[in-house]
$ cat structure-v7.cif   # mmCIF, C-alpha atoms and all ligand atoms
data_my_file
#
loop_
_atom_site.group_PDB
_atom_site.id
_atom_site.type_symbol
_atom_site.label_atom_id
_atom_site.label_comp_id
_atom_site.auth_asym_id
_atom_site.auth_seq_id
_atom_site.Cartn_x
_atom_site.Cartn_y
_atom_site.Cartn_z
ATOM 1 C CA MET A 1 191.197 144.669 92.724
ATOM 2 C CA ALA A 2 187.598 143.553 92.046
ATOM 3 C CA ARG A 3 186.730 143.168 88.386
ATOM 4 C CA LYS A 4 184.626 145.800 86.666
ATOM 5 C CA ILE A 5 181.939 145.077 84.107
ATOM 6 C CA ALA A 6 181.174 147.843 81.593
ATOM 7 C CA ILE A 7 177.742 147.772 80.004
ATOM 8 C CA LEU A 8 178.086 149.763 76.793
ATOM 9 C CA GLY A 9 174.791 151.222 75.646
ATOM 10 C CA GLY A 10 173.722 150.456 79.211
ATOM 11 C CA THR A 11 171.198 153.303 79.382
ATOM 12 C CA GLY A 12 168.692 151.253 77.357
ATOM 13 C CA PRO A 13 166.349 148.607 78.762
ATOM 14 C CA GLU A 14 168.518 145.549 78.038
ATOM 15 C CA GLY A 15 171.711 147.050 79.435
ATOM 16 C CA SER A 16 169.984 148.516 82.484
ATOM 17 C CA GLY A 17 168.330 145.168 83.126
ATOM 18 C CA LEU A 18 171.643 143.304 83.000
ATOM 19 C CA ALA A 19 173.270 145.989 85.169
ATOM 20 C CA ASN A 20 170.452 145.571 87.681
ATOM 21 C CA ARG A 21 170.860 141.790 87.869
ATOM 22 C CA LEU A 22 174.656 141.731 87.919
ATOM 23 C CA ALA A 23 174.914 144.529 90.511
ATOM 24 C CA ARG A 24 172.460 142.650 92.711
ATOM 25 C CA ALA A 25 174.802 139.659 92.386
ATOM 26 C CA GLY A 26 177.656 141.798 93.770
ATOM 27 C CA GLU A 27 179.407 142.777 90.544
ATOM 28 C CA HIS A 28 180.901 146.264 90.076
ATOM 29 C CA ILE A 29 179.160 147.804 87.071
ATOM 30 C CA VAL A 30 180.063 150.793 84.901
ATOM 31 C CA ILE A 31 177.195 151.919 82.679
ATOM 32 C CA GLY A 32 178.444 153.298 79.352
ATOM 33 C CA SER A 33 176.698 155.796 77.106
ATOM 34 C CA ARG A 34 177.543 158.193 74.284
ATOM 35 C CA GLU A 35 176.921 160.892 76.935
ATOM 36 C CA ALA A 36 178.624 160.514 80.311
ATOM 37 C CA ALA A 37 175.851 162.466 82.042
ATOM 38 C CA ARG A 38 173.202 160.048 80.736
ATOM 39 C CA ALA A 39 175.223 157.080 82.004
ATOM 40 C CA GLN A 40 175.638 158.686 85.418
ATOM 41 C CA GLU A 41 171.907 159.371 85.611
ATOM 42 C CA SER A 42 171.101 155.730 84.756
ATOM 43 C CA ALA A 43 173.658 154.526 87.302
ATOM 44 C CA GLN A 44 172.159 156.744 89.974
ATOM 45 C CA GLN A 45 168.648 155.489 89.185
ATOM 46 C CA LEU A 46 169.759 151.858 89.372
ATOM 47 C CA ARG A 47 171.585 152.424 92.674
ATOM 48 C CA ALA A 48 168.453 154.032 94.098
ATOM 49 C CA ASN A 49 166.288 151.116 92.937
ATOM 50 C CA ILE A 50 168.612 148.422 94.234
ATOM 51 C CA GLY A 51 169.733 150.201 97.412
ATOM 52 C CA GLY A 52 172.333 148.807 99.781
ATOM 53 C CA ALA A 53 175.884 148.561 98.583
ATOM 54 C CA ALA A 54 175.180 148.332 94.837
ATOM 55 C CA GLN A 55 178.310 149.404 92.947
ATOM 56 C CA ILE A 56 177.200 151.086 89.729
ATOM 57 C CA ASP A 57 179.049 153.998 88.111
ATOM 58 C CA GLY A 58 178.437 155.805 84.840
ATOM 59 C CA ALA A 59 180.868 157.023 82.168
ATOM 60 C CA ASP A 60 181.040 157.615 78.441
ATOM 61 C CA ASN A 61 181.486 154.390 76.457
ATOM 62 C CA SER A 62 185.246 154.892 75.925
ATOM 63 C CA ALA A 63 185.974 155.599 79.591
ATOM 64 C CA ALA A 64 183.797 152.668 80.631
ATOM 65 C CA ALA A 65 185.483 150.291 78.167
ATOM 66 C CA GLY A 66 188.995 151.432 79.149
ATOM 67 C CA GLN A 67 188.551 150.631 82.826
ATOM 68 C CA CYS A 68 186.747 147.300 82.530
ATOM 69 C CA ASP A 69 187.744 143.646 82.551
ATOM 70 C CA ILE A 70 184.487 142.547 80.933
ATOM 71 C CA ALA A 71 182.353 144.642 78.546
ATOM 72 C CA VAL A 72 178.782 143.790 77.646
ATOM 73 C CA LEU A 73 177.533 145.272 74.347
ATOM 74 C CA THR A 74 173.888 146.348 74.689
ATOM 75 C CA LEU A 75 173.383 148.825 71.870
ATOM 76 C CA PRO A 76 171.556 148.477 68.557
ATOM 77 C CA PHE A 77 173.338 146.660 65.708
ATOM 78 C CA SER A 78 173.283 149.915 63.710
ATOM 79 C CA GLY A 79 175.750 151.447 66.195
ATOM 80 C CA GLN A 80 177.905 148.405 66.892
ATOM 81 C CA ALA A 81 180.608 148.744 64.229
ATOM 82 C CA ALA A 82 181.228 152.454 64.824
ATOM 83 C CA LEU A 83 181.554 151.924 68.577
ATOM 84 C CA LEU A 84 183.928 148.962 68.214
ATOM 85 C CA LYS A 85 186.125 150.920 65.801
ATOM 86 C CA GLN A 86 186.219 153.762 68.319
ATOM 87 C CA LEU A 87 187.232 151.353 71.103
ATOM 88 C CA LYS A 88 189.907 149.425 69.190
ATOM 89 C CA ALA A 89 192.800 151.289 70.814
ATOM 90 C CA ILE A 90 191.068 151.630 74.181
ATOM 91 C CA TRP A 91 190.537 148.045 75.375
ATOM 92 C CA LYS A 92 192.859 146.645 78.029
ATOM 93 C CA PRO A 93 194.532 143.429 76.808
ATOM 94 C CA GLY A 94 192.597 140.438 78.110
ATOM 95 C CA THR A 95 189.221 142.188 78.124
ATOM 96 C CA ILE A 96 186.291 139.859 77.527
ATOM 97 C CA VAL A 97 183.492 141.269 75.380
ATOM 98 C CA ILE A 98 180.016 139.773 75.753
ATOM 99 C CA ASP A 99 177.767 140.610 72.827
ATOM 100 C CA THR A 100 173.983 140.636 73.262
ATOM 101 C CA THR A 101 173.242 142.264 69.914
ATOM 102 C CA VAL A 102 170.390 140.978 67.779
ATOM 103 C CA PRO A 103 170.557 142.362 64.220
ATOM 104 C CA LEU A 104 166.846 143.079 64.029
ATOM 105 C CA ALA A 105 165.470 144.700 60.895
ATOM 106 C CA ALA A 106 163.969 147.281 63.272
ATOM 107 C CA THR A 107 167.455 148.725 63.732
ATOM 108 C CA LEU A 108 167.156 149.978 60.130
ATOM 109 C CA GLY A 109 163.482 150.903 60.288
ATOM 110 C CA GLY A 110 162.131 147.437 59.451
ATOM 111 C CA SER A 111 160.224 144.792 61.398
ATOM 112 C CA PRO A 112 161.204 143.796 64.964
ATOM 113 C CA THR A 113 160.327 140.189 64.149
ATOM 114 C CA ARG A 114 162.865 139.798 61.337
ATOM 115 C CA LEU A 115 166.635 139.847 61.163
ATOM 116 C CA ILE A 116 168.735 141.664 58.633
ATOM 117 C CA GLY A 117 171.336 139.615 56.797
ATOM 118 C CA VAL A 118 174.823 140.094 58.258
ATOM 119 C CA TRP A 119 177.653 139.145 55.893
ATOM 120 C CA GLN A 120 179.725 137.604 58.702
ATOM 121 C CA GLY A 121 176.788 135.398 59.746
ATOM 122 C CA SER A 122 175.808 137.104 62.997
ATOM 123 C CA ALA A 123 176.197 140.350 64.894
ATOM 124 C CA ALA A 124 178.623 138.582 67.229
ATOM 125 C CA GLU A 125 180.844 137.407 64.356
ATOM 126 C CA ALA A 126 180.759 140.920 62.906
ATOM 127 C CA ALA A 127 181.826 142.286 66.295
ATOM 128 C CA ALA A 128 184.619 139.704 66.560
ATOM 129 C CA GLU A 129 186.206 141.103 63.388
ATOM 130 C CA LEU A 130 186.467 144.530 64.996
ATOM 131 C CA LEU A 131 188.259 143.512 68.182
ATOM 132 C CA PRO A 132 192.043 143.793 68.513
ATOM 133 C CA ALA A 133 194.227 140.771 69.306
ATOM 134 C CA GLY A 134 194.022 139.891 72.978
ATOM 135 C CA VAL A 135 190.369 140.879 73.333
ATOM 136 C CA SER A 136 188.004 137.924 73.105
ATOM 137 C CA ILE A 137 184.260 137.626 72.631
ATOM 138 C CA ALA A 138 181.330 135.509 73.719
ATOM 139 C CA ALA A 139 177.726 135.915 72.564
ATOM 140 C CA ALA A 140 175.047 135.655 75.258
ATOM 141 C CA PHE A 141 171.778 136.974 76.695
ATOM 142 C CA HIS A 142 170.002 137.407 73.330
ATOM 143 C CA ASN A 143 166.958 135.436 74.425
ATOM 144 C CA LEU A 144 166.531 137.168 77.787
ATOM 145 C CA GLY A 145 164.171 140.119 77.322
ATOM 146 C CA ALA A 146 164.648 143.411 79.111
ATOM 147 C CA GLU A 147 161.362 143.200 80.996
ATOM 148 C CA LEU A 148 162.485 139.931 82.560
ATOM 149 C CA LEU A 149 165.707 141.548 83.707
ATOM 150 C CA ALA A 150 164.060 144.392 85.606
ATOM 151 C CA GLY A 151 163.428 143.738 89.303
ATOM 152 C CA ASP A 152 164.806 140.818 91.247
ATOM 153 C CA GLY A 153 162.352 137.939 90.748
ATOM 154 C CA PRO A 154 163.465 134.631 89.230
ATOM 155 C CA VAL A 155 163.296 134.284 85.455
ATOM 156 C CA ASP A 156 162.362 131.062 83.696
ATOM 157 C CA CYS A 157 164.941 130.998 80.878
ATOM 158 C CA ASP A 158 168.009 129.299 79.505
ATOM 159 C CA VAL A 159 170.828 131.504 78.260
ATOM 160 C CA LEU A 160 172.879 130.087 75.410
ATOM 161 C CA VAL A 161 176.513 131.200 75.373
ATOM 162 C CA CYS A 162 178.534 130.876 72.162
ATOM 163 C CA SER A 163 182.255 131.500 71.843
ATOM 164 C CA ASN A 164 185.473 130.233 70.279
ATOM 165 C CA ASP A 165 187.343 131.228 73.437
ATOM 166 C CA GLU A 166 186.897 128.932 76.453
ATOM 167 C CA LYS A 167 187.656 131.579 79.066
ATOM 168 C CA SER A 168 185.162 134.063 77.609
ATOM 169 C CA LYS A 169 182.538 131.356 77.399
ATOM 170 C CA GLN A 170 183.140 130.341 80.997
ATOM 171 C CA VAL A 171 182.946 133.947 82.249
ATOM 172 C CA ALA A 172 179.732 134.663 80.320
ATOM 173 C CA MET A 173 178.162 131.441 81.583
ATOM 174 C CA GLU A 174 179.170 132.287 85.147
ATOM 175 C CA LEU A 175 177.571 135.754 84.855
ATOM 176 C CA ALA A 176 174.379 134.367 83.309
ATOM 177 C CA ALA A 177 174.059 131.820 86.109
ATOM 178 C CA LYS A 178 174.078 134.661 88.652
ATOM 179 C CA ILE A 179 170.603 135.701 87.480
ATOM 180 C CA PRO A 180 168.041 133.798 89.571
ATOM 181 C CA GLY A 181 166.257 131.162 87.487
ATOM 182 C CA VAL A 182 168.682 131.294 84.562
ATOM 183 C CA ARG A 183 170.405 128.129 83.392
ATOM 184 C CA ALA A 184 173.518 128.931 81.356
ATOM 185 C CA LEU A 185 174.071 126.542 78.463
ATOM 186 C CA ASN A 186 177.194 125.986 76.388
ATOM 187 C CA GLY A 187 175.958 127.013 72.936
ATOM 188 C CA GLY A 188 179.133 125.951 71.143
ATOM 189 C CA LYS A 189 181.170 128.045 68.737
ATOM 190 C CA LEU A 190 180.641 131.734 68.075
ATOM 191 C CA GLU A 191 179.145 130.859 64.670
ATOM 192 C CA ASN A 192 176.111 129.453 66.517
ATOM 193 C CA ALA A 193 175.289 133.013 67.559
ATOM 194 C CA ARG A 194 173.513 133.300 64.195
ATOM 195 C CA ILE A 195 170.987 130.711 65.407
ATOM 196 C CA VAL A 196 170.642 132.190 68.898
ATOM 197 C CA GLU A 197 170.234 135.755 67.602
ATOM 198 C CA SER A 198 167.480 134.607 65.249
ATOM 199 C CA ILE A 199 165.516 133.002 68.093
ATOM 200 C CA THR A 200 165.035 136.487 69.549
ATOM 201 C CA ALA A 201 163.120 137.610 66.469
ATOM 202 C CA LEU A 202 160.838 134.621 66.992
ATOM 203 C CA LEU A 203 160.428 135.447 70.713
ATOM 204 C CA ILE A 204 159.446 139.029 69.885
ATOM 205 C CA GLY A 205 156.743 137.689 67.562
ATOM 206 C CA LEU A 206 155.515 135.348 70.317
ATOM 207 C CA ASN A 207 155.400 138.258 72.779
ATOM 208 C CA ILE A 208 153.291 140.227 70.300
ATOM 209 C CA ARG A 209 150.902 137.381 69.457
ATOM 210 C CA TYR A 210 150.394 136.269 73.063
ATOM 211 C CA LYS A 211 150.395 139.854 74.455
ATOM 212 C CA VAL A 212 153.177 139.196 76.995
ATOM 213 C CA HIS A 213 156.745 140.432 77.525
ATOM 214 C CA SER A 214 158.104 137.251 78.993
ATOM 215 C CA ALA A 215 158.700 134.723 76.209
ATOM 216 C CA GLY A 216 161.956 132.828 76.660
ATOM 217 C CA VAL A 217 163.498 129.450 75.875
ATOM 218 C CA ARG A 218 164.053 126.280 77.911
ATOM 219 C CA PHE A 219 165.802 123.213 76.472
ATOM 220 C CA THR A 220 164.781 119.808 77.785
ATOM 221 C CA GLY A 221 166.815 116.671 78.328
ATOM 222 C CA LEU A 222 169.898 118.493 79.634
ATOM 223 C CA PRO A 223 171.368 118.599 83.162
ATOM 224 C CA ALA A 224 169.555 121.011 85.480
ATOM 225 C CA LYS A 225 172.712 123.143 86.026
HETATM 226 N N1 LIG B 1 165.430 144.933 74.661
HETATM 227 C C1 LIG B 1 165.471 143.613 74.776
HETATM 228 O O1 LIG B 1 164.562 142.970 75.350
HETATM 229 C C2 LIG B 1 166.662 142.852 74.224
HETATM 230 C C3 LIG B 1 166.719 141.457 74.426
HETATM 231 C C4 LIG B 1 167.851 140.772 73.944
HETATM 232 C C5 LIG B 1 168.846 141.435 73.270
HETATM 233 N N2 LIG B 1 168.741 142.787 73.083
HETATM 234 C C6 LIG B 1 169.814 143.497 72.359
HETATM 235 O O2 LIG B 1 170.404 144.395 73.274
HETATM 236 C C7 LIG B 1 170.760 145.582 72.584
HETATM 237 C C8 LIG B 1 170.119 146.756 73.334
HETATM 238 O O3 LIG B 1 168.720 146.642 73.334
HETATM 239 P P1 LIG B 1 167.830 147.838 73.901
HETATM 240 O O4 LIG B 1 166.432 147.464 73.667
HETATM 241 O O5 LIG B 1 168.300 148.187 75.268
HETATM 242 O O6 LIG B 1 168.263 148.959 72.842
HETATM 243 P P2 LIG B 1 168.071 150.551 72.768
HETATM 244 O O7 LIG B 1 167.268 151.014 73.926
HETATM 245 O O8 LIG B 1 167.596 150.866 71.408
HETATM 246 O O9 LIG B 1 169.567 151.053 72.872
HETATM 247 C C9 LIG B 1 170.351 150.901 74.022
HETATM 248 C C10 LIG B 1 171.288 152.090 74.154
HETATM 249 O O10 LIG B 1 172.210 152.095 73.077
HETATM 250 C C11 LIG B 1 172.636 153.426 72.832
HETATM 251 N N3 LIG B 1 172.563 153.670 71.394
HETATM 252 C C12 LIG B 1 171.445 153.782 70.638
HETATM 253 N N4 LIG B 1 171.774 153.970 69.337
HETATM 254 C C13 LIG B 1 173.137 153.974 69.303
HETATM 255 C C14 LIG B 1 174.076 154.143 68.259
HETATM 256 N N5 LIG B 1 173.701 154.327 66.987
HETATM 257 N N6 LIG B 1 175.389 154.121 68.574
HETATM 258 C C15 LIG B 1 175.804 153.940 69.860
HETATM 259 N N7 LIG B 1 174.947 153.781 70.889
HETATM 260 C C16 LIG B 1 173.637 153.784 70.606
HETATM 261 C C17 LIG B 1 171.684 154.346 73.604
HETATM 262 O O11 LIG B 1 172.394 154.853 74.720
HETATM 263 P P3 LIG B 1 173.005 156.336 74.768
HETATM 264 O O12 LIG B 1 172.096 157.202 73.962
HETATM 265 O O13 LIG B 1 172.960 156.625 76.231
HETATM 266 O O14 LIG B 1 174.381 156.214 74.191
HETATM 267 C C18 LIG B 1 170.583 153.433 74.079
HETATM 268 O O15 LIG B 1 170.065 153.799 75.342
HETATM 269 C C19 LIG B 1 170.278 145.445 71.143
HETATM 270 O O16 LIG B 1 171.334 145.074 70.304
HETATM 271 C C20 LIG B 1 169.258 144.332 71.226
HETATM 272 O O17 LIG B 1 169.204 143.585 70.027
HETATM 273 C C21 LIG B 1 167.670 143.500 73.551
#
$ encode --input "structure-v7.cif" --output "structure tokens"
Amino acid sequence: MARKIAILGGTGPEGSGLANRLARAGEHIVIGSREAARAQESAQQLRANIGGAAQIDGADNSAAAGQCDIAVLTLPFSGQAALLKQLKAIWKPGTIVIDTTVPLAATLGGSPTRLIGVWQGSAAEAAAELLPAGVSIAAAFHNLGAELLAGDGPVDCDVLVCSNDEKSKQVAMELAAKIPGVRALNGGKLENARIVESITALLIGLNIRYKVHSAGVRFTGLPAK
């Protein structure tokens, strides 16, 4: 059976953008939301935009997580711990979680260009503590803004993938590379997510100062693929 990718919190711009790109690449997507009806509406909208044989369903976050092989977390940091606690008994063994969360101060009413301090070091490391044995995590997509993910044009960005689990890292890198223009880079251990998450705060500031929505990162001196 073809794998399914749940995008939890997928009704927002980042999750919808990733759903758009991954569905266009032929993946079967399940949008997750706190409200099943909202997820189904988003899924319907995405199918209409993409057309053709796009496979995108909608479900509440628990139902989406329980039927997936890969789950992408695209909700604010303020909701991450509660959702992961709710899902602890729901995950199928072997599920790969891909965390995109940036712990921006904005999630608690502060500035979108600053991070809040996370005791574990990063949102991804905080998430890792809330996963049961047999469910692994990679951190990815933090530096790829939602506006770049809408549509189908090529993006000019590297995506750093951090994980302590080789399979999760490989799967996240493979998904990132499906987005036209993206180069997936091995970002090392999950602890490096603290660096990658912080770059997003900097990118948001650059977007504001240069009045664009497209700031991203490219590393030089590395192989093209
Ligand atoms: N936006 C970007 O350009 C961007 C770029 C890189 C990384 N990210 C990261 O991606 C994540 C999503 O970003 P976004 O801009 O799409 O966020 P968002 O619009 O604020 O939230 C996404 C979805 O999360 C759900 N949600 C909101 N609060 C929640 C809570 N307390 N508990 C559970 N679910 C909640 C909502 O869906 P329902 O109401 O349908 O449940 C919402 O549509 C964030 O962690 C962000 O740091 C975003």
$ resolve_selection --input "structure-v7.cif" --expression "the PyMOL selection byres (((chain A and resi 70) around 8) and not hetatm)" --output "compact mmCIF listing (two decimals) with C-alpha atoms, keeping the file's coordinate frame"
# COMPACT_ATOMS: atom_id res chain seq x y z
CA ARG A 3 186.73 143.17 88.39
CA LYS A 4 184.63 145.80 86.67
CA ILE A 5 181.94 145.08 84.11
CA ALA A 6 181.17 147.84 81.59
CA CYS A 68 186.75 147.30 82.53
CA ASP A 69 187.74 143.65 82.55
CA ALA A 71 182.35 144.64 78.55
CA VAL A 72 178.78 143.79 77.65
CA THR A 95 189.22 142.19 78.12
CA ILE A 96 186.29 139.86 77.53
CA VAL A 97 183.49 141.27 75.38
CA ILE A 98 180.02 139.77 75.75
$ atom_distance --input "structure-v7.cif" --atom1 "CA of Gly94 in chain A" --atom2 "CA of Lys167 in chain A"
10.2 Å
$ closest_residue --input "structure-v7.cif" --among "A:Ala123, A:Leu87, A:Ala140, A:Ala19" --to "Ala54 in chain A" --atoms "all atoms listed in the file"
A:Ala19
$ residues_near_ligand --input "structure-v7.cif" --ligand "ligand LIG 1 (chain B)" --cutoff "6 Å" --atoms "only C-alpha atoms and all ligand atoms" --output "PyMOL selection string"
chain A and resi 9-15+33-35+38+74-79+100-102+142-146
$ residues_around --input "structure-v7.cif" --residues "Val212 in chain A" --least-positions-apart "3" --cutoff "12 Å" --atoms "all atoms listed in the file" --output "PyMOL selection string"
chain A and resi 145+147-148+203-209+215-216
$ closest_residue --input "structure-v7.cif" --among "A:Leu185, A:Asn20, A:Ala65, A:Ser163" --to "Thr220 in chain A" --atoms "only C-alpha atoms"
A:Leu185
$ atom_distance --input "structure-v7.cif" --atom1 "CA of Ala89 in chain A" --atom2 "CA of Gly58 in chain A"
20.6 Å
$ resolve_selection --input "structure-v7.cif" --expression "the PyMOL selection byres (((chain A and resi 114) around 7) and not hetatm)" --output "VMD selection string"
chain A and resid 104 to 105 111 to 113 115 to 116 201
$ closest_residue --input "structure-v7.cif" --among "A:Ala124, A:Tyr210, A:Ala133, A:Arg183" --to "Ile195 in chain A" --atoms "all atoms listed in the file"
A:Ala124
$ residues_around --input "structure-v7.cif" --residues "Cys162 in chain A" --least-positions-apart "4" --cutoff "10 Å" --atoms "all atoms listed in the file" --output "short mmCIF file (atom, residue, chain, number, x, y, z; two decimals) with C-alpha atoms, in the coordinates of the input"
data_model
loop_
_atom_site.label_atom_id
_atom_site.label_comp_id
_atom_site.auth_asym_id
_atom_site.auth_seq_id
_atom_site.Cartn_x
_atom_site.Cartn_y
_atom_site.Cartn_z
CA ILE A 98 180.02 139.77 75.75
CA ASP A 99 177.77 140.61 72.83
CA ALA A 124 178.62 138.58 67.23
CA ILE A 137 184.26 137.63 72.63
CA ALA A 138 181.33 135.51 73.72
CA ALA A 139 177.73 135.92 72.56
CA ALA A 140 175.05 135.66 75.26
CA GLU A 166 186.90 128.93 76.45
CA SER A 168 185.16 134.06 77.61
CA LYS A 169 182.54 131.36 77.40
CA GLN A 170 183.14 130.34 81.00
CA ALA A 172 179.73 134.66 80.32
CA MET A 173 178.16 131.44 81.58
CA LEU A 185 174.07 126.54 78.46
CA ASN A 186 177.19 125.99 76.39
CA GLY A 187 175.96 127.01 72.94
CA GLY A 188 179.13 125.95 71.14
CA LYS A 189 181.17 128.04 68.74
CA LEU A 190 180.64 131.73 68.08
CA GLU A 191 179.14 130.86 64.67
CA ASN A 192 176.11 129.45 66.52
CA ALA A 193 175.29 133.01 67.56
CA ARG A 194 173.51 133.30 64.19
CA VAL A 196 170.64 132.19 68.90
#
$ atom_distance --input "structure-v7.cif" --atom1 "CA of Leu22 in chain A" --atom2 "CA of Asp156 in chain A"
16.8 Å
$ axis_aligned_box --input "structure-v7.cif" --around "range 87-100 of chain A" --padding-each-side "5 Å" --output "JSON"
{"center_x": 184.3, "center_y": 145.7, "center_z": 73.7, "size_x": 30.5, "size_y": 21.9, "size_z": 18.9}
$ resolve_selection --input "structure-v7.cif" --expression "the PyMOL selection byres (((chain A and resi 90) around 9) and not hetatm)" --output "ChimeraX atom specification"
/A:62-63,65-66,86-89,91-92
$ closest_residue --input "structure-v7.cif" --among "A:Arg218, A:Leu8, A:Gln67, A:Gly26" --to "Ile179 in chain A" --atoms "all atoms listed in the file"
A:Gly26
$ residues_around --input "structure-v7.cif" --residues "Ala81 in chain A" --least-positions-apart "3" --cutoff "8 Å" --atoms "only C-alpha atoms" --output "NGL selection string"
:A and (77-78 or 84-85 or 126-127 or 130)
$ closest_residue --input "structure-v7.cif" --among "A:Met1, A:Pro103, A:Pro180, A:Pro132" --to "Trp119 in chain A" --atoms "only C-alpha atoms"
A:Pro103
$ closest_residue --input "structure-v7.cif" --among "A:Asp60, A:Phe219, A:Ala82, A:Ala53" --to "Glu41 in chain A" --atoms "all atoms listed in the file"
A:Asp60
